[in-house]
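Undergrad: Got a structure for you, written out below as structure tokens; questions coming shortly.
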Amino acid sequence: MLTLWSGKYREWVQPNAKNVLAEVRSLLFQGKYVEADILCKELMGPYTESYLPLGDIHIQFEHGQLAHSYQRILDLEEGIARTEYKVGNVLFTREMFASYPDQVIILHLKASKEKMLNFHVKLTSPLRYKTEIKQERLILKGIAPEEIAPHHVQVDQPLIYGDFEETDAIRFEGQLGANLRDGELLCDADGLHVYNASEITLYFGAATSFKRFENPHSYDSNEPSNILNLQMEKVKDQPFESLKMNHSIDYQQLFKRVQLDQYQCL
């Protein structure tokens with residue numbers, strides 16, 4: 001589970017809370033409820049921060065828009081989402097799942113005819129980020145805001161970021177790799193480019209710098225990269241069926257603990 005949210009370590013203790021509480025009680029006994037409500041805010045401390053989305057994977061295909069026989073399938077038995085459609089007489093299929101044992105998201109793409117897969121992949125994030133290419137992987141690195149104002153609070157600057165290299169907020173990283181059966185893979189500043197492929201597996205991993213919430217010096221800027229390099233090396237040469245089996249065994253140990261039977265009531 002990713003631990004990505006805004007904010008940095010801060011002190012939550014309200015040293016004057018005991019005295020404020022006594023004043024709040026006194027106001028309540030006097031029937032001064034509005035005044036008591038306003039004073040209560042001095043007991044609450046700073047606003048809590050926000051869980052955040054890490055990013056998006058964008059895939060642009062070169063097969064045009066005239067698709068037909070489109071189907072989307074959620075296989076609860078296998079824990080796999082499938083998409084199928086045809087362009088002309090070519091059947092394109094996708095299978096996607098999040099693998100807990102391998103700690104990656106897998107997207108498997110296949111065409112019914114040889115060398116018909118041509119597409120481009122890029123990574124973006126709604127947070128501050130930059131991308132780079134390393135070892136034929138597309139890498140997204142970013143930082144969370146140091147402060148996000150709640151939606152019900154009107155302020156001039158609702159998102160406050162620190163310096164990209166020195167911020168105390170959480171850092172995050174995502175890595176996207178590809179395993180081709182055939183075809184050509186090109187990597188550049190615009191992302192990954194796949195040409196003349198018949199079958200390909202994309203694998204995406206993500207990590208953050210978070211370690212312990214109570215330690216103000218617990219963030220390690222290199223930690224996400226260290227975690228992901230190990231994860232990606234583990235899966236990069238595994239065939240799709242092996243990754244799928246790892247996921248299926250792990251998923252079904254939980255899914256098959258319960259079985260629902262349907263009975264007709266007379």
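In the structure tokens, chains take letters A, B, ... by order of appearance, with residues numbered from 1 within each chain and ligands from 1 in the order shown.
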How would you write, as an MDAnalysis selection string, the set of residues in stretch 41-139 of chain A that DSSP gives as alpha helix (DSSP H)?
TA: chainID A and resid 41:44
Undergrad: Residues of the last selection are to be written out with all heavy atoms, as a PDB file, in the first residue's frame.
TA:
```
ATOM      1  N   LYS A  41     -11.802  25.962  18.466  1.00  0.00           N
ATOM      2  CA  LYS A  41     -10.840  25.779  17.381  1.00  0.00           C
ATOM      3  C   LYS A  41      -9.400  25.822  17.888  1.00  0.00           C
ATOM      4  O   LYS A  41      -8.492  25.300  17.238  1.00  0.00           O
ATOM      5  CB  LYS A  41     -11.074  26.829  16.302  1.00  0.00           C
ATOM      6  CG  LYS A  41     -12.378  26.612  15.527  1.00  0.00           C
ATOM      7  CD  LYS A  41     -12.586  27.657  14.466  1.00  0.00           C
ATOM      8  CE  LYS A  41     -13.762  27.308  13.558  1.00  0.00           C
ATOM      9  NZ  LYS A  41     -15.004  27.023  14.272  1.00  0.00           N
ATOM     10  N   GLU A  42      -9.179  26.439  19.052  1.00  0.00           N
ATOM     11  CA  GLU A  42      -7.833  26.479  19.623  1.00  0.00           C
ATOM     12  C   GLU A  42      -7.441  25.139  20.238  1.00  0.00           C
ATOM     13  O   GLU A  42      -6.288  24.943  20.640  1.00  0.00           O
ATOM     14  CB  GLU A  42      -7.733  27.594  20.661  1.00  0.00           C
ATOM     15  CG  GLU A  42      -7.927  28.989  20.081  1.00  0.00           C
ATOM     16  CD  GLU A  42      -7.696  30.083  21.114  1.00  0.00           C
ATOM     17  OE1 GLU A  42      -7.019  29.788  22.126  1.00  0.00           O
ATOM     18  OE2 GLU A  42      -8.176  31.213  20.913  1.00  0.00           O
ATOM     19  N   LEU A  43      -8.391  24.213  20.330  1.00  0.00           N
ATOM     20  CA  LEU A  43      -8.099  22.873  20.837  1.00  0.00           C
ATOM     21  C   LEU A  43      -7.727  21.909  19.707  1.00  0.00           C
ATOM     22  O   LEU A  43      -7.190  20.830  19.960  1.00  0.00           O
ATOM     23  CB  LEU A  43      -9.320  22.299  21.570  1.00  0.00           C
ATOM     24  CG  LEU A  43      -9.770  22.998  22.842  1.00  0.00           C
ATOM     25  CD1 LEU A  43     -11.105  22.419  23.298  1.00  0.00           C
ATOM     26  CD2 LEU A  43      -8.728  22.827  23.934  1.00  0.00           C
ATOM     27  N   MET A  44      -8.038  22.277  18.488  1.00  0.00           N
ATOM     28  CA  MET A  44      -7.978  21.317  17.384  1.00  0.00           C
ATOM     29  C   MET A  44      -6.614  21.177  16.739  1.00  0.00           C
ATOM     30  O   MET A  44      -6.336  20.177  16.088  1.00  0.00           O
ATOM     31  CB  MET A  44      -8.996  21.720  16.314  1.00  0.00           C
ATOM     32  CG  MET A  44     -10.418  21.680  16.805  1.00  0.00           C
ATOM     33  SD  MET A  44     -11.576  22.202  15.510  1.00  0.00           S
ATOM     34  CE  MET A  44     -13.116  22.170  16.440  1.00  0.00           C
TER      35      MET A  44
END
```
Undergrad: I'd like the contact shell of A:Glu49 - 8 Å cut-off, only C-alpha atoms, skipping same-chain residues fewer than 2 positions apart - returned as a PDB file with C-alpha atoms, in the first residue's frame.
TA:
```pdb
ATOM      1  CA  TRP A   5      -0.078  12.275   1.260  1.00  0.00           C
ATOM      2  CA  SER A   6       0.696  15.960   1.629  1.00  0.00           C
ATOM      3  CA  GLY A   7       2.365  17.698   4.542  1.00  0.00           C
ATOM      4  CA  TYR A  47      -5.581  20.811   9.702  1.00  0.00           C
ATOM      5  CA  TYR A  51      -4.075  11.515   0.501  1.00  0.00           C
ATOM      6  CA  GLU A 147       0.671  21.878   2.829  1.00  0.00           C
ATOM      7  CA  ILE A 148      -2.802  21.549   1.292  1.00  0.00           C
ATOM      8  CA  ALA A 149      -5.694  23.643   2.593  1.00  0.00           C
ATOM      9  CA  PRO A 150      -9.014  21.812   3.149  1.00  0.00           C
TER      10      PRO A 150
END
```
Undergrad: To one decimal in Å, tell me the separation between atom CA of A:Glu132 and atom CA of A:Leu228.
TA: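 Between atom CA of A:Glu132 and atom CA of A:Leu228 the gap works out to 14.6 Å.
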Undergrad: Using only C-alpha atoms, I'd like a table of the residues in stretch 53-74 of chain A that come within 12 Å of stretch 164-173 of chain A; for each, show the closest atom pair and its distance in Å rounded to one decimal, ordered by chain and ascending number, as a tab-separated table.
TA:
```
residue	atom	partner	partner_atom	distance
A:Pro53	CA	A:Phe172	CA	10.6
A:Leu54	CA	A:Phe172	CA	7.5
A:Gly55	CA	A:Glu173	CA	9.5
```
Undergrad: Residues at most 7 Å from A:Glu84, counting only C-alpha atoms, excluding those fewer than 5 positions away in the same chain, as a list in words?
TA: Tyr70, Gln71, Arg72, Phe92, Thr93 and Arg94 of chain A
Undergrad: Produce a file of the selected residues containing all heavy atoms, as a compact mmCIF listing (two decimals), in the first residue's frame.
TA:
```
# COMPACT_ATOMS: atom_id res chain seq x y z
N TYR A 70 -16.55 -4.23 -29.04
CA TYR A 70 -15.84 -3.81 -27.83
C TYR A 70 -16.45 -4.48 -26.60
O TYR A 70 -17.66 -4.51 -26.42
CB TYR A 70 -15.93 -2.29 -27.70
CG TYR A 70 -15.13 -1.70 -26.57
CD1 TYR A 70 -13.80 -1.32 -26.76
CD2 TYR A 70 -15.68 -1.53 -25.31
CE1 TYR A 70 -13.06 -0.77 -25.74
CE2 TYR A 70 -14.93 -0.99 -24.27
CZ TYR A 70 -13.62 -0.62 -24.49
OH TYR A 70 -12.89 -0.08 -23.46
N GLN A 71 -15.59 -5.01 -25.74
CA GLN A 71 -16.03 -5.62 -24.49
C GLN A 71 -15.08 -5.24 -23.35
O GLN A 71 -13.86 -5.17 -23.55
CB GLN A 71 -16.03 -7.15 -24.59
CG GLN A 71 -17.04 -7.74 -25.54
CD GLN A 71 -17.06 -9.25 -25.42
OE1 GLN A 71 -17.59 -9.83 -24.46
NE2 GLN A 71 -16.46 -9.92 -26.40
N ARG A 72 -15.67 -5.01 -22.18
CA ARG A 72 -14.88 -4.83 -20.95
C ARG A 72 -15.36 -5.87 -19.95
O ARG A 72 -16.56 -6.00 -19.69
CB ARG A 72 -15.05 -3.42 -20.39
CG ARG A 72 -14.54 -2.34 -21.30
CD ARG A 72 -14.76 -0.96 -20.71
NE ARG A 72 -13.94 -0.76 -19.52
CZ ARG A 72 -14.04 0.32 -18.74
NH1 ARG A 72 -14.94 1.26 -19.02
NH2 ARG A 72 -13.27 0.45 -17.69
N PHE A 92 -7.70 -7.01 -30.61
CA PHE A 92 -6.75 -6.49 -29.62
C PHE A 92 -7.28 -6.83 -28.23
O PHE A 92 -8.45 -6.58 -27.92
CB PHE A 92 -6.60 -4.97 -29.75
CG PHE A 92 -5.92 -4.54 -31.02
CD1 PHE A 92 -6.65 -4.26 -32.16
CD2 PHE A 92 -4.53 -4.42 -31.07
CE1 PHE A 92 -6.04 -3.87 -33.33
CE2 PHE A 92 -3.90 -4.03 -32.24
CZ PHE A 92 -4.65 -3.75 -33.37
N THR A 93 -6.43 -7.40 -27.40
CA THR A 93 -6.84 -7.76 -26.03
C THR A 93 -5.88 -7.14 -25.02
O THR A 93 -4.68 -6.99 -25.29
CB THR A 93 -6.86 -9.28 -25.83
OG1 THR A 93 -5.54 -9.80 -26.06
CG2 THR A 93 -7.84 -9.94 -26.80
N ARG A 94 -6.44 -6.79 -23.86
CA ARG A 94 -5.64 -6.29 -22.74
C ARG A 94 -6.06 -7.04 -21.48
O ARG A 94 -7.25 -7.24 -21.24
CB ARG A 94 -5.86 -4.79 -22.51
CG ARG A 94 -5.65 -3.91 -23.70
CD ARG A 94 -5.96 -2.47 -23.33
NE ARG A 94 -6.32 -1.68 -24.50
CZ ARG A 94 -6.90 -0.48 -24.44
NH1 ARG A 94 -7.19 0.05 -23.26
NH2 ARG A 94 -7.22 0.16 -25.54
```
Undergrad: Between A:Gln175, A:Gln259, A:Gln253, A:Gln14, which residue has the minimum interatomic distance to A:Ser225, considering only C-alpha atoms?
TA: A:Gln175
Undergrad: Could you list, as a list in words, every residue within 12 Å of A:Ser248, counting only C-alpha atoms and ignoring same-chain residues fewer than 3 positions away?
TA: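 The contact residues come out as Asp75, Leu76, Glu77, Glu78, Gly79, Ile80, Phe97, Ala98, Ser99, Tyr100, Pro101, Asp102, Glu241, Ser242, Leu243, Lys244, Met245, Tyr251, Gln252, Gln253, Leu254, Phe255 and Lys256 of chain A.
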Undergrad: Quick one: pick out all strand (DSSP E) residues within stretch 38-252 of chain A from a backbone DSSP run and write them as a count of residues only.
TA: 99
Undergrad: One decimal, Å: what's the distance from atom CA of A:Glu11 over to atom CA of A:Gly45, could you say?
TA: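 So the two atoms, atom CA of A:Glu11 and atom CA of A:Gly45, lie 8.9 Å apart.
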Undergrad: Give the answer as one residue: which of A:Leu66, A:Ser125, A:Pro145, A:Lys18 has the shortest atom-to-atom distance to A:Gly88, using only C-alpha atoms?
TA: A:Leu66
Undergrad: Out of A:Lys211, A:Lys86, A:His152, A:His58, which residue has the shortest atom-to-atom distance to A:Ala111 when counting only C-alpha atoms?
TA: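 Of the candidates, the smallest distance to A:Ala111 is held by A:Lys86.
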Undergrad: Which neighbours of stretch 23-25 of chain A fall inside 6 Å, counting only C-alpha atoms, when residues of the same chain fewer than 3 positions from it are skipped, and could you give them as a PyMOL selection string?
TA: chain A and resi 20+28+36
